[in-house]
Amino acid sequence: MTDASPLGTAEAAFIEAVRTGDPARLALITERYRRELQVHCYRMLANYEDAQDLTQETFLRAWNKRESFKGHAALRTWLYRIATNACLDFLDKRNDRTPVPSELPDAELPYLQPYPDRMLPEDPQESVVARETIELAFIVAVQHLPPRQRAALILRDVLGWPAPTAAEALKSTVASVTSALQRARVTMREQLPDRRLDWRCPATHELSRDEREVVKSYIDAHERNDLDRLTALLRDDLRFAMLPDPGAVITTAKDAVDGWVSGGLFQRGYDDWRCIATTVNRMPAAALYLRTPGDPAYRLLNLAVLHIADGQIAELTGFEVAGKPWLGLAPAL
């Protein structure tokens, strides 16, 4: 995503709306960028609700700075600059958003939230790269970076901005941005050793047949309380986290299932399930609904987001999702 030629259609329309003082037209012009800006803020912050807030802050800042836009850069680029700096300002003020220590590669983020696929941009160019740069593993890995390294990586390697454009956005020099990017790439290689690191190359965002089949089997095992089948679906080096509880564990399949059972799962009162296959962060997931004794309805309880490799579940990240209507999941069945 680089600067377009000056005074393209969107740029000319924006300048004309500023000249005539037409706030409704300005809002209409900028609104088309909402979804991609929200994804950008989510990559920076790892939290859907914060990304919503910072996207709105971006539009507010754009309104306040509207007179400064002269069409020297693409309108999209100008909005991304504002969004990036809004996120950096947010991170500067939040003590709970300090970078995850690099020596704790399995740390999870209590503030991490899933991103609903229905809110991803419809632009096919964005969708091409969305899966690899929106998956939970990428989002968590980015949180290991100091904020300005994080911004440099996203602007340069994810969005594909030239170094001078990224430097201008970060109010820095090309040398500083290049240095920050190099350090960020080293950390990302440490965090994602088995993943592709060139996110500008085309990548599919569709679920594979294997992924769909494993989700179907996971749901069936859950609804039937079939612990043997559930165990067989899990890898023996399963990485499991249940948010908002911090921390992730690497465990065998048997130990994982035994731990869930000892915690009450699949015991009386927690054994009547209905599940729905869905996707978040371009990843396969299952929405888990529980019916407790005396309740005629199944109530939304958790969301299990799965990373599937070679026909087994390699990572399972659980989220408590009751009361989060933005996910688009029915609260009851």
# chains A, B, ... in the order shown; residues from 1 in each chain; ligands from 1
$ residues_around --residues "stretch 226-233 of chain A" --least-positions-apart "5" --cutoff "7 Å" --atoms "only C-alpha atoms" --output "count of residues only"
7
$ select_by_dssp --residues "stretch 83-302 of chain A" --states "helix (DSSP H, G or I)" --output "PyMOL selection string"
chain A and resi 83-93+95-97+117-119+124-134+136-142+147-158+163-169+174-191+209-224+227-233+253-262
$ atom_distance --atom1 "atom CA of A:Val174" --atom2 "atom CA of A:Arg148"
13.2 Å
$ closest_atom_pairs --of "stretch 126-185 of chain A" --to "stretch 269-288 of chain A" --cutoff "8 Å" --atoms "only C-alpha atoms" --output "CSV"
residue,atom,partner,partner_atom,distance
A:Ala130,CA,A:Arg282,CA,7.4
A:Arg131,CA,A:Arg282,CA,5.1
A:Ile134,CA,A:Asn281,CA,5.3
A:Glu135,CA,A:Asn281,CA,5.0
A:Leu136,CA,A:Asn281,CA,6.7
$ closest_residue --among "A:Val18, A:Arg235, A:Tyr80, A:Cys87" --to "A:Asn64" --atoms "only C-alpha atoms"
A:Val18
$ residues_around --residues "A:Thr165" --least-positions-apart "4" --cutoff "12 Å" --atoms "only C-alpha atoms" --output "ChimeraX atom specification"
/A:1-4,72-74,77-78,80-81,152,155-156,159-161,169-174,177-178
$ residues_around --residues "A:Pro331" --least-positions-apart "3" --cutoff "8 Å" --atoms "only C-alpha atoms" --output "list in words"
Arg299, Leu300, Ala322, Gly323 and Pro325 of chain A
$ write_last_selection --atoms "N, CA, C and O atoms" --output "PDB file, in the first residue's frame"
ATOM      1  N   ARG A 299     -26.559 -21.956  26.067  1.00  0.00           N
ATOM      2  CA  ARG A 299     -26.027 -20.597  26.192  1.00  0.00           C
ATOM      3  C   ARG A 299     -24.579 -20.542  25.705  1.00  0.00           C
ATOM      4  O   ARG A 299     -23.765 -21.422  26.022  1.00  0.00           O
ATOM      5  N   LEU A 300     -24.272 -19.494  24.955  1.00  0.00           N
ATOM      6  CA  LEU A 300     -22.903 -19.313  24.470  1.00  0.00           C
ATOM      7  C   LEU A 300     -21.947 -19.196  25.644  1.00  0.00           C
ATOM      8  O   LEU A 300     -22.146 -18.376  26.543  1.00  0.00           O
ATOM      9  N   ALA A 322     -19.104 -14.832  26.073  1.00  0.00           N
ATOM     10  CA  ALA A 322     -20.449 -14.376  26.429  1.00  0.00           C
ATOM     11  C   ALA A 322     -20.416 -12.858  26.601  1.00  0.00           C
ATOM     12  O   ALA A 322     -19.478 -12.295  27.163  1.00  0.00           O
ATOM     13  N   GLY A 323     -21.441 -12.188  26.064  1.00  0.00           N
ATOM     14  CA  GLY A 323     -21.509 -10.736  26.194  1.00  0.00           C
ATOM     15  C   GLY A 323     -20.636  -9.980  25.220  1.00  0.00           C
ATOM     16  O   GLY A 323     -20.316  -8.819  25.460  1.00  0.00           O
ATOM     17  N   PRO A 325     -21.249  -9.204  21.603  1.00  0.00           N
ATOM     18  CA  PRO A 325     -22.110  -9.295  20.418  1.00  0.00           C
ATOM     19  C   PRO A 325     -21.392  -9.000  19.112  1.00  0.00           C
ATOM     20  O   PRO A 325     -21.850  -9.411  18.050  1.00  0.00           O
TER      21      PRO A 325
END
$ residues_around --residues "A:Asn47" --least-positions-apart "6" --cutoff "8 Å" --atoms "only C-alpha atoms" --output "list in words"
Tyr111, Leu112, Gln113 and Pro114 of chain A
$ residues_around --residues "A:Ala180" --least-positions-apart "4" --cutoff "10 Å" --atoms "only C-alpha atoms" --output "CSV table (one decimal) with N, CA and C atoms, in the first residue's frame"
chain,number,residue,atom,x,y,z
A,145,LEU,N,7.1,-7.0,20.3
A,145,LEU,CA,7.9,-5.9,19.7
A,145,LEU,C,7.5,-4.6,20.5
A,146,PRO,N,8.5,-3.7,20.8
A,146,PRO,CA,8.2,-2.4,21.2
A,146,PRO,C,7.3,-1.7,20.2
A,148,ARG,N,7.2,1.1,18.5
A,148,ARG,CA,7.6,1.7,17.2
A,148,ARG,C,8.2,0.6,16.3
A,149,GLN,N,8.8,-0.4,16.8
A,149,GLN,CA,9.2,-1.6,16.0
A,149,GLN,C,8.0,-2.2,15.4
A,150,ARG,N,7.0,-2.4,16.2
A,150,ARG,CA,5.7,-3.0,15.8
A,150,ARG,C,5.1,-2.2,14.6
A,151,ALA,N,5.1,-0.9,14.7
A,151,ALA,CA,4.6,0.0,13.7
A,151,ALA,C,5.4,-0.1,12.4
A,152,ALA,N,6.8,-0.2,12.6
A,152,ALA,CA,7.7,-0.2,11.4
A,152,ALA,C,7.5,-1.6,10.7
A,153,LEU,N,7.3,-2.7,11.4
A,153,LEU,CA,7.1,-4.0,10.8
A,153,LEU,C,5.8,-4.0,10.0
A,174,VAL,N,14.7,7.5,7.8
A,174,VAL,CA,14.7,6.3,7.1
A,174,VAL,C,15.7,5.3,7.8
A,175,ALA,N,16.8,5.8,8.2
A,175,ALA,CA,17.8,5.0,8.9
A,175,ALA,C,17.2,4.4,10.2
A,176,SER,N,16.4,5.2,11.0
A,176,SER,CA,15.8,4.7,12.2
A,176,SER,C,14.8,3.7,11.9
A,184,ALA,N,12.9,-5.8,14.5
A,184,ALA,CA,11.6,-6.5,14.6
A,184,ALA,C,11.6,-7.8,13.8
A,185,ARG,N,12.2,-7.9,12.7
A,185,ARG,CA,12.3,-9.1,11.9
A,185,ARG,C,13.0,-10.2,12.7
$ atom_distance --atom1 "atom CA of A:Ala13" --atom2 "atom CA of A:Met44"
29.3 Å
$ residues_around --residues "stretch 31-35 of chain A" --least-positions-apart "3" --cutoff "10 Å" --atoms "only C-alpha atoms" --output "compact mmCIF listing (two decimals) with N, CA, C and O atoms, in the first residue's frame"
# COMPACT_ATOMS: atom_id res chain seq x y z
N ARG A 25 -20.34 14.56 3.65
CA ARG A 25 -19.58 14.04 2.53
C ARG A 25 -18.20 13.57 2.98
O ARG A 25 -17.70 12.53 2.52
N LEU A 26 -17.58 14.30 3.87
CA LEU A 26 -16.28 13.87 4.41
C LEU A 26 -16.40 12.52 5.10
O LEU A 26 -15.55 11.64 4.91
N ALA A 27 -17.44 12.36 5.89
CA ALA A 27 -17.65 11.09 6.59
C ALA A 27 -17.85 9.95 5.61
O ALA A 27 -17.34 8.85 5.79
N LEU A 28 -18.59 10.21 4.53
CA LEU A 28 -18.85 9.19 3.53
C LEU A 28 -17.56 8.78 2.82
O LEU A 28 -17.32 7.59 2.56
N GLN A 38 -9.41 -0.51 10.92
CA GLN A 38 -9.66 -1.25 12.16
C GLN A 38 -8.76 -2.47 12.25
O GLN A 38 -8.25 -2.80 13.33
N VAL A 39 -8.54 -3.16 11.12
CA VAL A 39 -7.61 -4.29 11.11
C VAL A 39 -6.19 -3.81 11.45
O VAL A 39 -5.46 -4.46 12.20
N HIS A 40 -5.82 -2.67 10.90
CA HIS A 40 -4.49 -2.10 11.20
C HIS A 40 -4.35 -1.84 12.70
O HIS A 40 -3.33 -2.20 13.31
N CYS A 41 -5.35 -1.23 13.30
CA CYS A 41 -5.30 -0.96 14.74
C CYS A 41 -5.29 -2.26 15.54
O CYS A 41 -4.62 -2.36 16.56
N GLN A 52 -11.61 -0.88 17.63
CA GLN A 52 -12.79 -0.08 17.29
C GLN A 52 -12.65 1.34 17.80
O GLN A 52 -12.92 2.31 17.08
N THR A 55 -9.98 3.29 15.88
CA THR A 55 -10.44 3.65 14.53
C THR A 55 -11.32 4.89 14.60
O THR A 55 -11.20 5.81 13.78
N GLN A 56 -12.19 4.93 15.61
CA GLN A 56 -13.02 6.11 15.77
C GLN A 56 -12.17 7.34 16.12
O GLN A 56 -12.42 8.45 15.63
N THR A 58 -9.18 7.77 15.09
CA THR A 58 -8.55 8.14 13.82
C THR A 58 -9.44 9.07 13.01
O THR A 58 -8.98 10.10 12.48
N PHE A 59 -10.72 8.74 12.93
CA PHE A 59 -11.64 9.60 12.18
C PHE A 59 -11.81 10.96 12.85
O PHE A 59 -11.94 11.98 12.17
N LEU A 75 -5.09 9.52 0.16
CA LEU A 75 -5.95 9.68 1.35
C LEU A 75 -5.81 8.48 2.26
O LEU A 75 -5.74 8.62 3.49
N ARG A 76 -5.74 7.28 1.68
CA ARG A 76 -5.57 6.07 2.49
C ARG A 76 -4.29 6.15 3.30
O ARG A 76 -4.27 5.84 4.49
N LEU A 79 -4.65 8.55 6.22
CA LEU A 79 -5.45 7.98 7.31
C LEU A 79 -4.66 6.92 8.08
O LEU A 79 -4.77 6.83 9.32
N TYR A 80 -3.87 6.13 7.39
CA TYR A 80 -3.05 5.13 8.08
C TYR A 80 -2.01 5.80 8.97
O TYR A 80 -1.70 5.29 10.06
N MET A 119 -15.97 -8.85 9.79
CA MET A 119 -15.56 -7.45 9.85
C MET A 119 -14.24 -7.19 9.11
O MET A 119 -13.73 -6.08 9.13
N LEU A 120 -13.69 -8.22 8.48
CA LEU A 120 -12.47 -8.02 7.71
C LEU A 120 -12.78 -7.22 6.44
O LEU A 120 -13.91 -7.23 5.94
N PRO A 121 -11.79 -6.54 5.88
CA PRO A 121 -12.02 -5.75 4.67
C PRO A 121 -12.48 -6.62 3.51
O PRO A 121 -12.11 -7.79 3.40
N GLU A 122 -13.30 -6.04 2.66
CA GLU A 122 -13.77 -6.75 1.48
C GLU A 122 -12.82 -6.59 0.30
O GLU A 122 -12.96 -7.27 -0.71
N ASP A 123 -11.87 -5.69 0.40
CA ASP A 123 -10.89 -5.46 -0.65
C ASP A 123 -10.10 -6.74 -0.88
O ASP A 123 -9.44 -7.25 0.02
$ closest_residue --among "A:Ala304, A:Ala332, A:Ile15, A:Ala51" --to "A:Leu316" --atoms "only C-alpha atoms"
A:Ala304
